[in-house]
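Asker: Data: final.cif, mmCIF, C-alpha atoms.
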```cif
data_query
#
loop_
_atom_site.label_atom_id
_atom_site.label_comp_id
_atom_site.auth_asym_id
_atom_site.auth_seq_id
_atom_site.Cartn_x
_atom_site.Cartn_y
_atom_site.Cartn_z
CA MET A 1 -38.94 19.47 -7.01
CA MET A 2 -38.71 19.46 -10.78
CA GLN A 3 -40.71 17.74 -13.48
CA LEU A 4 -38.77 15.55 -15.92
CA SER A 5 -39.70 17.90 -18.75
CA GLU A 6 -38.17 20.82 -16.81
CA PHE A 7 -35.06 18.73 -16.08
CA ASN A 8 -34.70 18.00 -19.78
CA GLN A 9 -35.18 21.61 -20.89
CA SER A 10 -33.56 23.68 -18.13
CA GLN A 11 -30.25 25.45 -18.46
CA ASN A 12 -27.19 23.33 -17.69
CA GLY A 13 -26.32 25.44 -14.65
CA GLU A 14 -29.74 24.98 -13.07
CA VAL A 15 -29.69 21.21 -13.61
CA ASN A 16 -26.09 21.01 -12.38
CA GLU A 17 -27.13 22.75 -9.16
CA LEU A 18 -29.99 20.27 -8.64
CA LEU A 19 -27.67 17.31 -9.23
CA LYS A 20 -25.02 18.73 -6.90
CA HIS A 21 -27.62 18.59 -4.12
CA CYS A 22 -27.85 14.84 -4.75
CA VAL A 23 -24.10 14.21 -4.65
CA HIS A 24 -21.04 16.41 -5.06
CA ILE A 25 -19.52 14.55 -8.01
CA GLU A 26 -19.16 16.92 -10.93
CA ARG A 27 -18.54 14.24 -13.56
CA TRP A 28 -21.79 12.48 -12.60
CA ALA A 29 -23.76 15.69 -13.06
CA HIS A 30 -21.97 16.57 -16.30
CA GLU A 31 -22.62 13.16 -17.85
CA LEU A 32 -26.31 13.23 -16.90
CA ILE A 33 -26.68 16.74 -18.29
CA GLN A 34 -25.02 15.68 -21.56
CA GLN A 35 -27.39 12.70 -21.95
CA ARG A 36 -30.55 14.78 -21.77
CA PRO A 37 -33.34 14.56 -22.78
CA PHE A 38 -34.50 11.47 -20.93
CA ALA A 39 -37.66 9.74 -22.15
CA SER A 40 -38.71 8.75 -18.62
CA THR A 41 -37.72 9.15 -15.00
CA GLU A 42 -36.91 5.43 -14.95
CA LEU A 43 -34.36 5.94 -17.73
CA LEU A 44 -32.87 8.93 -15.89
CA PHE A 45 -32.58 6.96 -12.63
CA GLN A 46 -31.09 3.94 -14.42
CA THR A 47 -28.56 6.13 -16.22
CA ALA A 48 -27.67 7.89 -12.97
CA ARG A 49 -27.05 4.55 -11.26
CA LEU A 50 -24.93 3.20 -14.12
CA GLN A 51 -22.85 6.36 -14.21
CA ALA A 52 -22.43 6.24 -10.41
CA ASN A 53 -20.85 2.80 -10.78
CA THR A 54 -17.92 4.52 -12.54
CA TRP A 55 -17.12 6.89 -9.66
CA THR A 56 -13.47 6.87 -8.65
CA TRP A 57 -12.40 6.70 -5.02
CA ASP A 58 -11.06 10.28 -5.27
CA GLU A 59 -14.48 11.49 -6.42
CA ILE A 60 -16.18 9.58 -3.61
CA LEU A 61 -13.75 10.92 -1.02
CA ALA A 62 -14.32 14.50 -2.19
CA ALA A 63 -18.09 13.96 -1.95
CA LEU A 64 -17.69 12.50 1.56
CA ASN A 65 -16.05 15.72 2.63
CA THR A 66 -19.38 17.51 2.01
CA HIS A 67 -21.44 15.14 4.18
CA PRO A 68 -22.20 15.75 7.85
CA ARG A 69 -21.32 12.95 10.25
CA ILE A 70 -24.16 10.60 11.05
CA GLY A 71 -25.87 11.79 14.20
CA GLU A 72 -24.87 15.41 13.67
CA LYS A 73 -28.19 17.17 13.64
CA LYS A 74 -26.71 20.34 12.26
CA ALA A 75 -25.36 19.77 8.77
CA GLN A 76 -22.11 21.43 7.78
CA ALA A 77 -22.42 25.15 7.10
CA ALA A 78 -21.04 24.58 3.59
CA LEU A 79 -24.14 22.61 2.63
CA SER A 80 -26.87 24.36 0.71
CA ALA A 81 -30.30 24.79 2.29
CA LYS A 82 -31.56 21.94 0.07
CA GLU A 83 -28.77 19.61 1.21
CA GLN A 84 -29.47 20.50 4.84
CA VAL A 85 -33.12 19.56 4.31
CA PHE A 86 -32.03 16.25 2.74
CA SER A 87 -29.65 15.55 5.63
CA ASP A 88 -32.24 16.41 8.28
CA ARG A 89 -34.86 14.24 6.56
CA GLU A 90 -32.48 11.32 6.10
CA GLN A 91 -31.37 11.43 9.74
CA ALA A 92 -34.84 12.10 11.14
CA ALA A 93 -34.94 8.78 13.00
CA VAL A 94 -31.60 9.39 14.73
CA THR A 95 -32.55 9.63 18.36
CA GLN A 96 -31.91 12.42 20.79
CA ASP A 97 -31.00 9.77 23.40
CA LEU A 98 -27.73 10.98 24.89
CA THR A 99 -26.31 7.50 25.38
CA ILE A 100 -26.81 6.56 21.73
CA GLN A 101 -25.62 9.99 20.58
CA GLN A 102 -22.43 9.49 22.58
CA ALA A 103 -21.99 5.98 21.18
CA LEU A 104 -22.45 7.31 17.62
CA TYR A 105 -19.92 10.05 18.29
CA GLU A 106 -17.37 7.58 19.69
CA GLY A 107 -18.05 5.16 16.82
CA ASN A 108 -17.58 7.95 14.27
CA VAL A 109 -14.25 8.90 15.85
CA ALA A 110 -13.05 5.28 15.85
CA TYR A 111 -14.21 4.82 12.25
CA GLU A 112 -12.45 7.97 11.05
CA GLN A 113 -9.26 6.99 12.87
CA LYS A 114 -9.30 3.55 11.27
CA PHE A 115 -10.34 4.46 7.71
CA GLY A 116 -9.46 8.15 7.34
CA PHE A 117 -12.92 9.27 6.21
CA ILE A 118 -16.38 9.71 7.73
CA PHE A 119 -18.79 6.85 8.32
CA LEU A 120 -21.47 7.05 5.62
CA ILE A 121 -24.74 5.19 5.63
CA LYS A 122 -28.04 5.75 3.88
CA ALA A 123 -29.80 6.60 7.13
CA SER A 124 -33.24 7.14 5.63
CA GLY A 125 -35.65 4.74 7.33
CA LEU A 126 -33.09 3.51 9.87
CA HIS A 127 -33.32 4.02 13.61
CA SER A 128 -30.35 5.03 15.73
CA GLN A 129 -29.72 1.53 17.04
CA GLU A 130 -29.65 0.11 13.50
CA ILE A 131 -27.14 2.78 12.47
CA LEU A 132 -25.02 2.15 15.54
CA THR A 133 -25.07 -1.62 14.91
CA ALA A 134 -24.00 -1.06 11.29
CA LEU A 135 -21.24 1.31 12.42
CA HIS A 136 -19.85 -1.22 14.90
CA SER A 137 -20.08 -4.01 12.33
CA ARG A 138 -18.35 -2.00 9.63
CA LEU A 139 -15.48 -1.17 11.98
CA ASN A 140 -14.48 -4.83 11.47
CA ASN A 141 -14.06 -4.37 7.70
CA ASP A 142 -10.79 -3.97 5.86
CA LEU A 143 -10.22 -0.74 3.92
CA GLU A 144 -11.07 -2.12 0.47
CA SER A 145 -14.32 -3.68 1.66
CA GLU A 146 -15.28 -0.45 3.37
CA LYS A 147 -14.53 1.62 0.27
CA HIS A 148 -16.89 -0.62 -1.70
CA ILE A 149 -19.64 -0.23 0.93
CA VAL A 150 -19.17 3.55 1.07
CA HIS A 151 -19.46 3.73 -2.73
CA GLN A 152 -22.72 1.78 -2.57
CA GLN A 153 -24.10 3.90 0.28
CA LEU A 154 -23.24 7.17 -1.50
CA LEU A 155 -24.86 5.87 -4.67
CA GLU A 156 -28.02 4.98 -2.73
CA ILE A 157 -28.13 8.41 -1.09
CA ALA A 158 -27.70 10.12 -4.46
CA GLN A 159 -30.44 7.92 -5.98
CA LEU A 160 -32.82 8.66 -3.11
CA ARG A 161 -32.25 12.39 -3.42
CA LEU A 162 -32.63 12.30 -7.21
CA THR A 163 -35.94 10.44 -6.96
CA GLN A 164 -37.14 13.05 -4.46
CA GLU A 165 -36.16 15.89 -6.81
CA ILE A 166 -37.45 14.65 -10.19
CA GLN A 167 -41.03 13.67 -11.00
CA ALA A 168 -42.47 12.27 -14.21
#
```
Let's see the structure in the file written out as structure tokens.
Answerer:
Amino acid sequence: MMQLSEFNQSQNGEVNELLKHCVHIERWAHELIQQRPFASTELLFQTARLQANTWTWDEILAALNTHPRIGEKKAQAALSAKEQVFSDREQAAVTQDLTIQQALYEGNVAYEQKFGFIFLIKASGLHSQEILTALHSRLNNDLESEKHIVHQQLLEIAQLRLTQEIQA
């Protein structure tokens, strides 16, 4: 957790590390760092969202490669301790029910086979059945529609994490 004043005054490397925990898109972090100082957290969050709208698919795909699959309780070893905490918190409502876990696993496999990347959803506040329903529904999408949804979901995850990290 960092105060906005600390965010504005900290070394670039320290702020970059904090932003990397929100999303692994270097250009996003670099542009936010360059626009400091921010007069308010609202302005920071608005700027972060606007910049996220410019993410390329290659940037999004690279960031996806750092995310654990939904339903995987153990985040990838490559994630920092902070990112593991985020992932665990965001997936807290994912049930231990073996039937739903198996369905999520099978859905993830089908999704990855169809689209070539992991299923991503802002899981915070969602229960396992809601996630599973969304997964099954999104399997009906075409690739371009799904890329748009993934972009939006990644943006929402990054925004959530940023709001949890920065206080006024």
Asker: Expand the PyMOL selection byres ((chain A and resi 55) around 10) into the explicit residue set it covers here, and present it as a PyMOL selection string.
Answerer: chain A and resi 25+27-28+50-54+56-60+151+155
Asker: I need the output of the PyMOL selection byres ((chain A and resi 1-11) around 12) for this file as a ChimeraX atom specification; which residues are they?
Answerer: /A:12-19,21,32-45,82,161-168
Asker: Between A:Thr66, A:Thr47, A:Gln113, A:Gln102, single out the one closest to Leu143 of chain A, counting only C-alpha atoms.
Answerer: A:Gln113
Asker: For each of A:Thr133, A:His24, A:Glu146, A:Pro68, take the minimum atom-to-atom distance to Gly116 of chain A, counting all atoms listed in the file, then give the residue where this is smallest.
Answerer: A:Glu146
Asker: So what do you get for atom CA of Ser145 of chain A versus atom CA of Leu61 of chain A, distance-wise?
Answerer: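 Taking atom CA of Ser145 of chain A as the start and atom CA of Leu61 of chain A as the end point, the length is 14.9 Å.
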